[in-house]
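What follows is target.txt (compact mmCIF, C-alpha atoms).
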# COMPACT_ATOMS: atom_id res chain seq x y z
CA MET A 1 -35.04 -14.03 -3.99
CA GLN A 2 -33.68 -17.32 -2.69
CA GLN A 3 -30.79 -17.18 -5.18
CA ASN A 4 -29.87 -13.68 -3.97
CA PHE A 5 -29.95 -14.90 -0.38
CA ILE A 6 -27.71 -17.86 -1.23
CA PHE A 7 -25.29 -15.55 -3.09
CA LEU A 8 -25.21 -13.08 -0.18
CA LYS A 9 -24.65 -15.88 2.31
CA LYS A 10 -21.85 -17.38 0.20
CA ASN A 11 -20.23 -13.96 -0.28
CA THR A 12 -20.39 -13.26 3.46
CA LEU A 13 -18.82 -16.62 4.26
CA ASN A 14 -16.05 -16.00 1.72
CA ASN A 15 -15.34 -12.58 3.23
CA LEU A 16 -15.28 -14.07 6.73
CA LEU A 17 -12.93 -16.82 5.57
CA ASN A 18 -10.64 -14.30 3.85
CA PHE A 19 -10.63 -12.19 7.00
CA LEU A 20 -9.66 -15.15 9.21
CA ILE A 21 -6.95 -16.32 6.79
CA SER A 22 -5.49 -12.81 6.41
CA LEU A 23 -5.60 -12.17 10.15
CA THR A 24 -3.97 -15.52 10.94
CA LEU A 25 -1.26 -14.94 8.35
CA GLY A 26 -0.66 -11.39 9.60
CA LEU A 27 -0.41 -12.50 13.24
CA ALA A 28 1.92 -15.36 12.27
CA ILE A 29 4.24 -12.98 10.41
CA LEU A 30 4.03 -10.49 13.28
CA TYR A 31 5.00 -13.22 15.77
CA PHE A 32 7.90 -14.31 13.58
CA VAL A 33 9.11 -10.72 13.23
CA PHE A 34 8.94 -9.81 16.92
CA LYS A 35 9.55 -13.18 18.63
CA ASP A 36 13.19 -12.42 19.55
CA VAL A 37 12.67 -8.73 20.25
CA ASP A 38 12.61 -7.31 23.77
CA ILE A 39 9.42 -5.25 23.55
CA SER A 40 10.02 -3.71 26.97
CA SER A 41 13.05 -1.88 25.52
CA TYR A 42 10.65 0.07 23.31
CA GLU A 43 9.14 1.87 26.31
CA SER A 44 12.11 4.22 26.68
CA LYS A 45 12.25 4.71 22.88
CA ILE A 46 8.62 5.85 22.83
CA VAL A 47 9.40 8.52 25.43
CA GLU A 48 12.45 9.71 23.50
CA LEU A 49 10.59 10.09 20.17
CA ASN A 50 10.38 13.53 18.58
CA TYR A 51 6.65 13.63 17.98
CA SER A 52 6.78 16.90 16.05
CA TRP A 53 8.24 15.08 13.04
CA ILE A 54 5.65 12.30 13.32
CA ILE A 55 2.75 14.77 13.42
CA PHE A 56 4.29 16.69 10.52
CA ALA A 57 4.53 13.46 8.48
CA MET A 58 0.96 12.48 9.36
CA THR A 59 -0.27 15.89 8.24
CA ILE A 60 1.50 15.59 4.91
CA SER A 61 0.11 12.08 4.41
CA ILE A 62 -3.40 13.56 4.14
CA PHE A 63 -2.39 14.92 0.75
CA GLU A 64 -1.59 11.36 -0.39
CA TYR A 65 -5.30 10.55 -0.30
CA ILE A 66 -6.26 13.82 -1.98
CA ILE A 67 -3.77 13.32 -4.83
CA ARG A 68 -4.79 9.68 -5.29
CA ALA A 69 -8.45 10.74 -5.34
CA TYR A 70 -7.66 13.46 -7.89
CA ARG A 71 -5.83 10.92 -10.06
CA TRP A 72 -8.79 8.54 -9.83
CA ASN A 73 -11.08 11.39 -10.90
CA LEU A 74 -9.02 11.83 -14.05
CA LEU A 75 -9.71 8.21 -15.00
CA LEU A 76 -13.44 8.58 -14.37
CA GLU A 77 -13.83 12.06 -15.83
CA PHE A 78 -14.66 10.94 -19.39
CA ASN A 79 -17.84 9.24 -18.15
CA ASN A 80 -18.66 11.26 -15.00
CA LYS A 81 -18.29 15.00 -15.46
CA ASN A 82 -19.67 16.05 -12.07
CA LEU A 83 -17.32 14.08 -9.83
CA THR A 84 -15.47 16.14 -7.22
CA VAL A 85 -12.18 15.39 -5.49
CA TYR A 86 -14.00 15.90 -2.17
CA LYS A 87 -16.34 12.97 -2.86
CA THR A 88 -13.68 10.61 -4.18
CA THR A 89 -11.35 11.47 -1.29
CA ILE A 90 -14.03 10.54 1.24
CA GLY A 91 -14.71 7.26 -0.55
CA LEU A 92 -11.00 6.52 -0.82
CA ILE A 93 -10.25 7.12 2.86
CA ILE A 94 -13.21 4.99 3.94
CA SER A 95 -11.95 2.22 1.66
CA TYR A 96 -8.54 2.33 3.36
CA LEU A 97 -10.33 2.09 6.70
CA SER A 98 -12.13 -1.05 5.48
CA ALA A 99 -8.82 -2.58 4.33
CA ILE A 100 -7.59 -2.57 7.94
CA ILE A 101 -10.35 -5.07 8.69
CA LEU A 102 -10.45 -7.01 5.43
CA PRO A 103 -7.58 -6.93 2.91
CA ARG A 104 -8.36 -6.44 -0.80
CA ILE A 105 -11.88 -5.19 -0.11
CA ASN A 106 -10.94 -1.48 -0.22
CA ASP A 107 -11.23 -1.11 -4.01
CA ILE A 108 -14.72 -2.61 -3.99
CA VAL A 109 -15.74 -0.36 -1.10
CA ARG A 110 -14.72 2.89 -2.79
CA CYS A 111 -16.42 1.87 -6.05
CA TYR A 112 -19.59 1.00 -4.14
CA ILE A 113 -19.55 4.35 -2.32
CA LEU A 114 -19.26 6.27 -5.60
CA SER A 115 -22.12 4.25 -7.05
CA LYS A 116 -24.33 5.46 -4.20
CA THR A 117 -23.16 9.07 -3.92
CA ASP A 118 -22.67 9.92 -7.61
CA LYS A 119 -24.35 7.08 -9.52
CA VAL A 120 -21.04 5.91 -11.01
CA LYS A 121 -21.41 2.44 -12.49
CA ILE A 122 -19.43 -0.06 -10.46
CA SER A 123 -18.15 -1.82 -13.62
CA VAL A 124 -16.72 1.50 -14.85
CA SER A 125 -15.11 2.47 -11.55
CA ILE A 126 -13.63 -1.02 -11.06
CA GLY A 127 -12.12 -0.78 -14.53
CA SER A 128 -10.52 2.55 -13.60
CA VAL A 129 -9.18 1.03 -10.38
CA ILE A 130 -7.55 -1.78 -12.36
CA THR A 131 -5.85 0.86 -14.52
CA GLU A 132 -4.73 2.65 -11.37
CA ARG A 133 -3.25 -0.56 -9.99
CA ILE A 134 -1.40 -1.22 -13.24
CA PHE A 135 0.31 2.15 -12.90
CA ASP A 136 1.08 1.40 -9.24
CA VAL A 137 2.80 -1.87 -10.23
CA ILE A 138 4.74 -0.08 -12.97
CA SER A 139 5.72 2.61 -10.45
CA ILE A 140 6.98 0.02 -7.95
CA PHE A 141 8.97 -1.72 -10.67
CA LEU A 142 10.58 1.58 -11.73
CA LEU A 143 11.37 2.40 -8.09
CA ILE A 144 13.07 -1.00 -7.70
CA LEU A 145 15.19 -0.29 -10.76
CA LEU A 146 16.00 3.20 -9.45
CA LEU A 147 16.97 1.76 -6.07
CA LEU A 148 19.25 -0.84 -7.67
CA LEU A 149 20.81 1.90 -9.80
CA PHE A 150 21.68 4.12 -6.82
CA GLU A 151 22.32 1.48 -4.16
CA PHE A 152 23.72 -1.45 -6.15
CA ASP A 153 27.18 -1.29 -4.55
CA ARG A 154 25.76 -1.14 -1.03
CA PHE A 155 23.50 -4.18 -1.46
CA TYR A 156 26.09 -6.14 -3.43
CA ASN A 157 28.89 -5.56 -0.93
CA TYR A 158 26.64 -6.38 2.01
CA LEU A 159 25.56 -9.66 0.46
CA MET A 160 29.11 -10.59 -0.46
CA ILE A 161 30.69 -9.76 2.91
CA GLU A 162 27.96 -10.22 5.52
CA VAL A 163 25.77 -12.89 3.95
CA VAL A 164 28.00 -14.94 1.69
CA GLY A 165 31.24 -14.14 3.48
CA ASN A 166 33.19 -14.08 0.26
CA ALA A 167 34.00 -10.82 -1.51
CA GLU A 168 34.95 -12.79 -4.65
CA PHE A 169 31.48 -14.26 -4.89
CA ASP A 170 30.51 -14.63 -8.53
CA PHE A 171 28.53 -11.70 -9.96
CA LEU A 172 26.28 -14.05 -11.91
CA MET A 173 25.19 -15.70 -8.68
CA PHE A 174 24.25 -12.29 -7.27
CA LEU A 175 22.30 -11.55 -10.45
CA LEU A 176 20.50 -14.88 -10.14
CA ILE A 177 19.52 -14.11 -6.54
CA SER A 178 18.20 -10.69 -7.61
CA ILE A 179 16.12 -12.24 -10.42
CA LEU A 180 14.66 -14.83 -8.03
CA LEU A 181 13.71 -12.07 -5.58
CA ILE A 182 11.99 -10.09 -8.35
CA ILE A 183 10.09 -13.23 -9.44
CA LEU A 184 9.00 -13.77 -5.82
CA ILE A 185 7.81 -10.16 -5.57
CA PHE A 186 5.69 -10.40 -8.69
CA TYR A 187 4.38 -13.78 -7.54
CA PHE A 188 2.86 -11.99 -4.54
CA ILE A 189 1.41 -9.36 -6.91
CA ILE A 190 -0.20 -12.07 -9.05
CA ILE A 191 -1.58 -13.82 -5.96
CA LYS A 192 -3.13 -10.54 -4.85
CA PHE A 193 -4.98 -10.06 -8.14
CA PHE A 194 -5.89 -13.67 -8.88
CA HIS A 195 -6.48 -15.12 -5.39
CA SER A 196 -9.56 -17.29 -5.78
CA SER A 197 -10.67 -20.89 -5.55
CA ASN A 198 -11.89 -20.66 -9.15
CA TYR A 199 -8.82 -19.42 -10.99
CA TYR A 200 -10.24 -19.64 -14.51
CA GLU A 201 -13.36 -17.63 -13.72
CA LYS A 202 -11.31 -15.12 -11.74
CA PHE A 203 -8.91 -14.79 -14.66
CA LYS A 204 -11.75 -14.05 -17.11
CA GLU A 205 -13.20 -11.53 -14.67
CA LYS A 206 -9.87 -9.73 -14.31
CA VAL A 207 -9.35 -9.65 -18.09
CA GLY A 208 -12.78 -8.05 -18.50
CA GLU A 209 -12.03 -5.45 -15.83
CA LEU A 210 -8.63 -4.81 -17.39
CA LYS A 211 -10.22 -4.09 -20.77
CA SER A 212 -12.70 -1.73 -19.15
CA GLY A 213 -9.90 0.04 -17.31
CA MET A 214 -7.69 0.38 -20.34
CA VAL A 215 -10.51 2.26 -22.10
CA SER A 216 -10.26 5.00 -19.47
CA ILE A 217 -6.58 5.51 -20.35
CA PHE A 218 -7.34 6.23 -23.99
CA LYS A 219 -10.39 8.37 -23.22
CA MET A 220 -8.63 10.35 -20.49
CA LYS A 221 -8.10 13.93 -21.67
CA LYS A 222 -5.63 14.98 -18.99
CA LYS A 223 -2.87 12.39 -19.47
CA ILE A 224 -0.10 14.81 -18.45
CA GLU A 225 -1.98 15.67 -15.24
CA PHE A 226 -2.33 11.95 -14.52
CA LEU A 227 1.40 11.37 -14.95
CA ILE A 228 2.31 14.40 -12.82
CA SER A 229 -0.12 13.40 -10.06
CA THR A 230 1.38 9.89 -10.05
CA ILE A 231 4.87 11.32 -9.58
CA ILE A 232 3.65 13.67 -6.83
CA LEU A 233 1.89 10.77 -5.10
CA TRP A 234 5.05 8.69 -4.85
CA LEU A 235 7.06 11.75 -3.83
CA LEU A 236 4.64 12.24 -0.93
CA TYR A 237 5.10 8.60 0.13
CA PHE A 238 8.84 9.18 -0.06
CA VAL A 239 8.75 12.42 1.99
CA VAL A 240 6.59 10.92 4.75
CA GLY A 241 9.07 8.07 5.30
CA TYR A 242 12.01 10.46 5.18
CA LEU A 243 10.48 12.79 7.80
CA ILE A 244 9.92 9.91 10.23
CA PHE A 245 13.71 9.33 10.19
CA PHE A 246 14.13 12.49 12.26
CA SER A 247 11.78 11.28 15.00
CA MET A 248 14.40 8.75 16.17
CA GLU A 249 18.04 9.37 17.07
CA GLU A 250 19.05 6.00 15.54
CA THR A 251 17.71 6.92 12.08
CA SER A 252 18.10 10.71 12.09
CA HIS A 253 21.37 10.49 10.12
CA LEU A 254 19.90 8.48 7.25
CA GLY A 255 19.64 10.18 3.89
CA LEU A 256 17.53 10.18 0.75
CA SER A 257 18.79 6.82 -0.54
CA ALA A 258 17.64 5.12 2.68
CA ALA A 259 14.25 6.82 2.33
CA LEU A 260 13.99 5.41 -1.20
CA SER A 261 14.83 1.96 0.19
CA ILE A 262 12.07 2.01 2.80
CA LEU A 263 9.63 3.36 0.20
CA VAL A 264 10.27 0.29 -1.96
CA ALA A 265 10.33 -2.09 1.03
CA GLY A 266 7.09 -0.64 2.41
CA ALA A 267 5.36 -0.86 -0.98
CA LEU A 268 6.37 -4.51 -1.31
CA GLY A 269 5.24 -5.20 2.25
CA THR A 270 1.72 -3.97 1.51
CA ILE A 271 1.43 -6.43 -1.40
CA VAL A 272 1.30 -9.37 1.02
CA PRO A 273 -2.42 -10.12 1.59
CA VAL A 274 -2.64 -9.35 5.31
CA ASN A 275 -4.60 -6.70 7.19
CA ALA A 276 -3.00 -3.29 6.51
CA GLY A 277 0.29 -5.02 5.63
CA ILE A 278 0.81 -5.78 9.31
CA GLY A 279 3.89 -7.89 9.99
CA ALA A 280 5.07 -8.06 6.38
CA TYR A 281 5.54 -4.28 6.23
CA HIS A 282 7.56 -4.34 9.46
CA LEU A 283 9.73 -7.22 8.26
CA PHE A 284 10.53 -5.66 4.88
CA VAL A 285 11.35 -2.21 6.26
CA ALA A 286 13.42 -3.48 9.22
CA SER A 287 15.33 -5.87 6.96
CA ILE A 288 16.30 -3.25 4.41
CA LEU A 289 17.45 -0.81 7.13
CA ILE A 290 20.09 -3.37 8.14
CA TYR A 291 21.95 -2.42 4.95
CA TYR A 292 22.32 1.10 6.41
CA GLY A 293 23.81 -0.06 9.70
CA ILE A 294 20.54 0.06 11.68
CA GLU A 295 20.09 -2.72 14.21
CA TYR A 296 17.17 -5.05 13.47
CA GLU A 297 15.30 -4.09 16.68
CA ASP A 298 15.72 -0.38 15.94
CA GLY A 299 14.56 -0.98 12.38
CA LEU A 300 11.48 -2.76 13.66
CA PHE A 301 10.73 0.11 16.01
CA PHE A 302 11.08 2.59 13.14
CA ALA A 303 8.78 0.45 10.95
CA THR A 304 6.24 0.28 13.78
CA ILE A 305 6.25 4.07 14.17
CA LEU A 306 5.96 4.68 10.42
CA HIS A 307 3.25 2.06 9.93
CA GLY A 308 1.43 2.95 13.15
CA SER A 309 1.30 6.66 12.31
CA GLN A 310 -0.30 5.86 8.95
CA VAL A 311 -2.85 3.51 10.53
CA ILE A 312 -3.78 6.17 13.10
CA THR A 313 -4.18 8.70 10.30
CA ILE A 314 -6.48 6.34 8.40
CA LEU A 315 -8.51 5.54 11.52
CA PHE A 316 -9.01 9.21 12.39
CA PHE A 317 -9.81 10.53 8.92
CA GLY A 318 -11.70 7.34 8.07
CA LEU A 319 -14.12 7.95 10.94
CA VAL A 320 -14.42 11.63 9.98
CA SER A 321 -15.13 10.59 6.39
CA LEU A 322 -17.82 8.16 7.55
CA VAL A 323 -19.55 11.00 9.38
CA LEU A 324 -19.29 13.30 6.34
CA LEU A 325 -20.63 10.54 4.09
CA TYR A 326 -23.57 9.95 6.44
CA LEU A 327 -24.40 13.66 6.54
CA ASP A 328 -24.21 13.86 2.75
CA VAL A 329 -26.54 10.87 2.28
CA PHE A 330 -28.84 12.18 5.04
CA ARG A 331 -29.18 15.57 3.33
CA LYS A 332 -30.03 13.90 0.02
CA ASN A 333 -32.68 11.69 1.57
CA LYS A 334 -34.19 14.42 3.75
For this file, write the structure as structure tokens.
Amino acid sequence: MQQNFIFLKKNTLNNLLNFLISLTLGLAILYFVFKDVDISSYESKIVELNYSWIIFAMTISIFEYIIRAYRWNLLLEFNNKNLTVYKTTIGLIISYLSAIILPRINDIVRCYILSKTDKVKISVSIGSVITERIFDVISIFLLILLLLLFEFDRFYNYLMIEVVGNAEFDFLMFLLISILLIILIFYFIIIKFFHSSNYYEKFKEKVGELKSGMVSIFKMKKKIEFLISTIILWLLYFVVGYLIFFSMEETSHLGLSAALSILVAGALGTIVPVNAGIGAYHLFVASILIYYGIEYEDGLFFATILHGSQVITILFFGLVSLVLLYLDVFRKNK
């Protein structure tokens, strides 16, 4: 009993410490991003927004959670035949709500919810989540390659002319910069998965979860459905960002390639271990929009609208999901 109390106390302190570190880091990045921006200029921009496009994008984003829940079901189906997309969607949305408060806790939260609502073993569901994350990392990597394929000339010319100031800048140097950026990106990914004071124990734990998750890949019967749902999921992310372009006059002319750029930038921004990607998401999206002739302040405003609309969606449907979860548990216990 005393050991359980000590473990609970230690776990609570760790969570509190993680929360304070993530919040401090997020606020520091947010300050750095907005410190030279005239926030008062955003008042007129808010009035001029076309909210129809924002509401349309928020409505479509609901299907992101449904598709992700469906994909998660496919990984769990071999061991849990009675799972429904309704249940996993509720658990997933609540987990996103928790991530606003405490980064990295969302995967544990959704696994815990399923263990209570459908008796799914946490070790099994965590293994499936690891598999899911592997495919997310692969997807981001492929999107980066796709972006470089379509937009190589734009990024290269911008770096040569605007940053380096020399159009004859050696190609090998550009390649070296690109490689260093990719290494930095995956460094953040590794930090996200292996962030712990006890690296060796954390590494062994992650290897065990990885093995458990990989089993679900081989046992999954609907592999084609999983692949298709993954493609649809990233298409939805892409469409939501593209639709928000039309809510602002400054970005309404941007095309599909710019939407792909902010999809990649936004995905990388959420890797940084801060609450809901706050600050880092804004910096990444605003910075990449500069390549398309968008002023930094306008890019930040766009990133704020895109990020803010998603947070509002999570808050609203997260609270609704909490109520539905309570009613479901209440009916079972009645």
Residue among A:Leu49, A:Val129, A:Ile314, A:Ile288 lying closest to Ala276 of chain A, counting all atoms listed in the file: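 The closest residue to Ala276 of chain A is A:Ile314.
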Can you work out the spacing between atom CA of Gly91 of chain A and atom CA of Ile113 of chain A in Å, to one decimal?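 Computing it gives 5.9 Å between the two atoms.
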Which protein, DNA or RNA residues are at most 12 Å from (-3.7, 9.2, -11.9) in the file's coordinates when you count all atoms listed in the file, listed as a PyMOL selection string? chain A and resi 64-77+128-136+139+216-217+220-234
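What separates atom CA of Leu283 of chain A from atom CA of Ile93 of chain A is a distance of 25.2 Å.
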Have a look at A:Val323, A:Ile126, A:Gln310, A:Gly277 and name the one nearest to Leu27 of chain A; count only C-alpha atoms.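 Counting only C-alpha atoms, the residue closest to Leu27 of chain A is A:Gly277.
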